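J.: The structure under discussion is supplied below as structure tokens; questions concerning it will follow.
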Amino acid sequence: MNEASIREAASKVAQYDVLVVTAAIWFLGKFLRYAFPPLFGSFQASYGVSNAVLGTAFSGFMLVYAAMQFPSGVLADRLGSIVVITAGALVAALAALALVFDSPFLVLVGAMLVMGAGTGAHKTVAVRLLSRAYPSRTGRALGVLDTFGAFGGVVAPAAIVVVAGVSFALGDSWRLIFLFAGLAGLGLAVVFRTRVSRRLPSESEGDAAPTAATTVGVGQYVTLFRDWRFSVFALLTILFSFTYNGFVAFAPLYLTQAAGLTDAVAGVLYSALFLASLVQLVTGDLSDRIGRLPIIVATLGLASLALIAFISLTGSVGPIVLGAALVAVGIGAHGFRPVRGAYLMSTIPDDVAGGGLGVVRTMLMGAGAVAPAIVGTLSETAGFRAAFWLLAAAIVAATGLGVVLWFLE
């Protein structure tokens with residue numbers, strides 16, 4: 001390869017620097033979120049709390065996360081994406097560092113809520129940023145973004161296993177997770193602020209004048225729902241989010257308590273659920289080529305069938321078959337996520353892209369936020385299988401709405 005070819009290849013790689021650093025922050029945010037479910041057992045041992053209490057605490061994390069979607073999008077429209085993403089990364093990093101020291105359960109809950117706020121400022125604004133940085137390859141870029149994020153779920157359980165046997169002078173060994181995450185968050189915030197500002201200077205400023213944050217401005221976001229297709233798709237994403245967040249929050253405990261697997265096997269299968277996120281690289285690219293609604297129906301349909309099989313086979317098959325069903329749920333669920341973002345960005349006017357997406361994500365993440373509390377409570381009153389059947393019903397309904405949109409397109 002001659003020097004000119006090397007320079008050309010380096011130039012092509014450099015085009016994706018915005019994507020890489022944005023995705024790295026998202027990886028860290030998802031790592032922090034998915035570090036909590038595998039630690040539920042440790043929290044129960046340390047603090048003597050129940051499934052319902054842990055589920056409610058995790059729902060609090062998700063509710064704050066959900067509440068940040070709309071304001072972060074509006075702020076990005078006003079102040080620019082770079083300011084909002086940098087601030088969110090710093091807030092999440094500082095909250096993680098607050099858990100480094102031995103502290104009571106209320107401190108843990110408080111830090112979870114602040115982490116929800118910090119990580120909640122990222123995804124809506126990142127979708128806006130990447131759709132502008134890569135307008136002709138939005139599906140592919142969002143596929144990479146969501147794959148990075150999902151790998152946070154792959155790494156988190158493994159990291160917890162690694163630190164479990166490590167002595168930590170400041171308290172329980174799991175606090176090392178938050179020490180490393182906090183330091184990494186601070187570093188990524190600095191890199192993002194400096195690198196992306198040079199590459200996309202326009203994203204340091206907003207699209208709307210400061211006076212636009214009025215009732216009339218908010219009305220622009222509300223009018224999006226006059227389009228019935230937009231409203232139906234919003235409902236579809238809400239149902240999906242309820243299923244996905246309820247499922248991932250309690251999958252480790254379901255595998256040990258309902259399926260009777262060991263903690264080690266459950267941890268491996270839980271990681272495999274997120275390893276399936278590699279499919280996002282394929283579905284995001286396919287959505288750019290053949291259309292979004294066919295991919296949406298296919299991925300949601302797969303997730304629905306796989307979740308039904310997963311619940312039905314619990315207790316009657318071994319970990320390999322159960323794990324295959326779990327991975328199929330992951331393929332369908334993860335495959336849907338980048339296409340969802342690309343579809344929404346194609347239907348929202350550019351001048352309200354951040355806030356418009358934020359409205360939808362607030363609703364879908366709100367539904368996802370209450371799911372862990374509902375699943376945790378239902379698991380103690382009617383059993384885990386009954387709770388998971390509720391999740392299956394929600395995603396089947398979402399698939400049905402996708403079919404309606406596709407046929408009426």
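Residues in the structure tokens are named by chain (A, B, ... in the order shown) and by number from 1 within that chain; ligands are numbered from 1 in the order shown.
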Which residues are close to Leu176 (chain A), i.e. within 9 Å by only C-alpha atoms, leaving aside same-chain residues fewer than 4 positions away? Reply as a list in words.

T.: Leu99, Val100, Ile160, Val163, Val166, Phe168, Asp172, Phe180 and Ala181 of chain A

J.: Write down as a PyMOL selection string the residues of region 153-281 of chain A whose backbone DSSP state falls under alpha helix (DSSP H).

T.: chain A and resi 153-164+175-199+215-222+228-253+263-275+279-281

J.: Just want the 8 Å neighbourhood of region 308-317 of chain A, counted on only C-alpha atoms, with same-chain residues fewer than 5 positions away dropped. Output as a list in words.

T.: Ala258, Ala259, Gly260, Leu322, Ala325, Leu326, Arg385, Phe388, Trp389 and Ala392 of chain A

J.: Name the closest residue to Val64 (chain A) among the candidates A:Ala121, A:Val321, A:Ala93, A:Val161; distances are taken between atoms, counting only C-alpha atoms.

T.: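 Checking each of A:Ala121, A:Val321, A:Ala93, A:Val161 against Val64 (chain A), counting only C-alpha atoms, the winner is A:Ala121.
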
J.: Extract, using only C-alpha atoms, all DNA, RNA and protein residues at most 6 Å from region 42-57 of chain A, discarding same-chain residues fewer than 6 positions from it, and format them as a PDB file with all heavy atoms, in the first residue's frame.

T.:
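Output (selection_9.pdb):
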ATOM      1  N   PRO A 372     -39.507  -2.350  35.623  1.00  0.00           N
ATOM      2  CA  PRO A 372     -38.853  -3.119  36.685  1.00  0.00           C
ATOM      3  C   PRO A 372     -39.662  -3.167  37.977  1.00  0.00           C
ATOM      4  O   PRO A 372     -39.701  -4.211  38.646  1.00  0.00           O
ATOM      5  CB  PRO A 372     -37.521  -2.379  36.885  1.00  0.00           C
ATOM      6  CG  PRO A 372     -37.261  -1.717  35.583  1.00  0.00           C
ATOM      7  CD  PRO A 372     -38.612  -1.302  35.081  1.00  0.00           C
ATOM      8  N   ALA A 373     -40.308  -2.066  38.347  1.00  0.00           N
ATOM      9  CA  ALA A 373     -41.112  -2.067  39.567  1.00  0.00           C
ATOM     10  C   ALA A 373     -42.299  -3.013  39.429  1.00  0.00           C
ATOM     11  O   ALA A 373     -42.637  -3.762  40.362  1.00  0.00           O
ATOM     12  CB  ALA A 373     -41.598  -0.652  39.876  1.00  0.00           C
ATOM     13  N   GLY A 376     -40.903  -6.631  39.348  1.00  0.00           N
ATOM     14  CA  GLY A 376     -40.442  -7.032  40.681  1.00  0.00           C
ATOM     15  C   GLY A 376     -41.582  -7.316  41.627  1.00  0.00           C
ATOM     16  O   GLY A 376     -41.569  -8.306  42.369  1.00  0.00           O
ATOM     17  N   THR A 377     -42.604  -6.472  41.615  1.00  0.00           N
ATOM     18  CA  THR A 377     -43.753  -6.679  42.488  1.00  0.00           C
ATOM     19  C   THR A 377     -44.561  -7.897  42.070  1.00  0.00           C
ATOM     20  O   THR A 377     -44.952  -8.724  42.912  1.00  0.00           O
ATOM     21  CB  THR A 377     -44.661  -5.427  42.473  1.00  0.00           C
ATOM     22  OG1 THR A 377     -43.890  -4.291  42.895  1.00  0.00           O
ATOM     23  CG2 THR A 377     -45.842  -5.607  43.403  1.00  0.00           C
TER      24      THR A 377
END
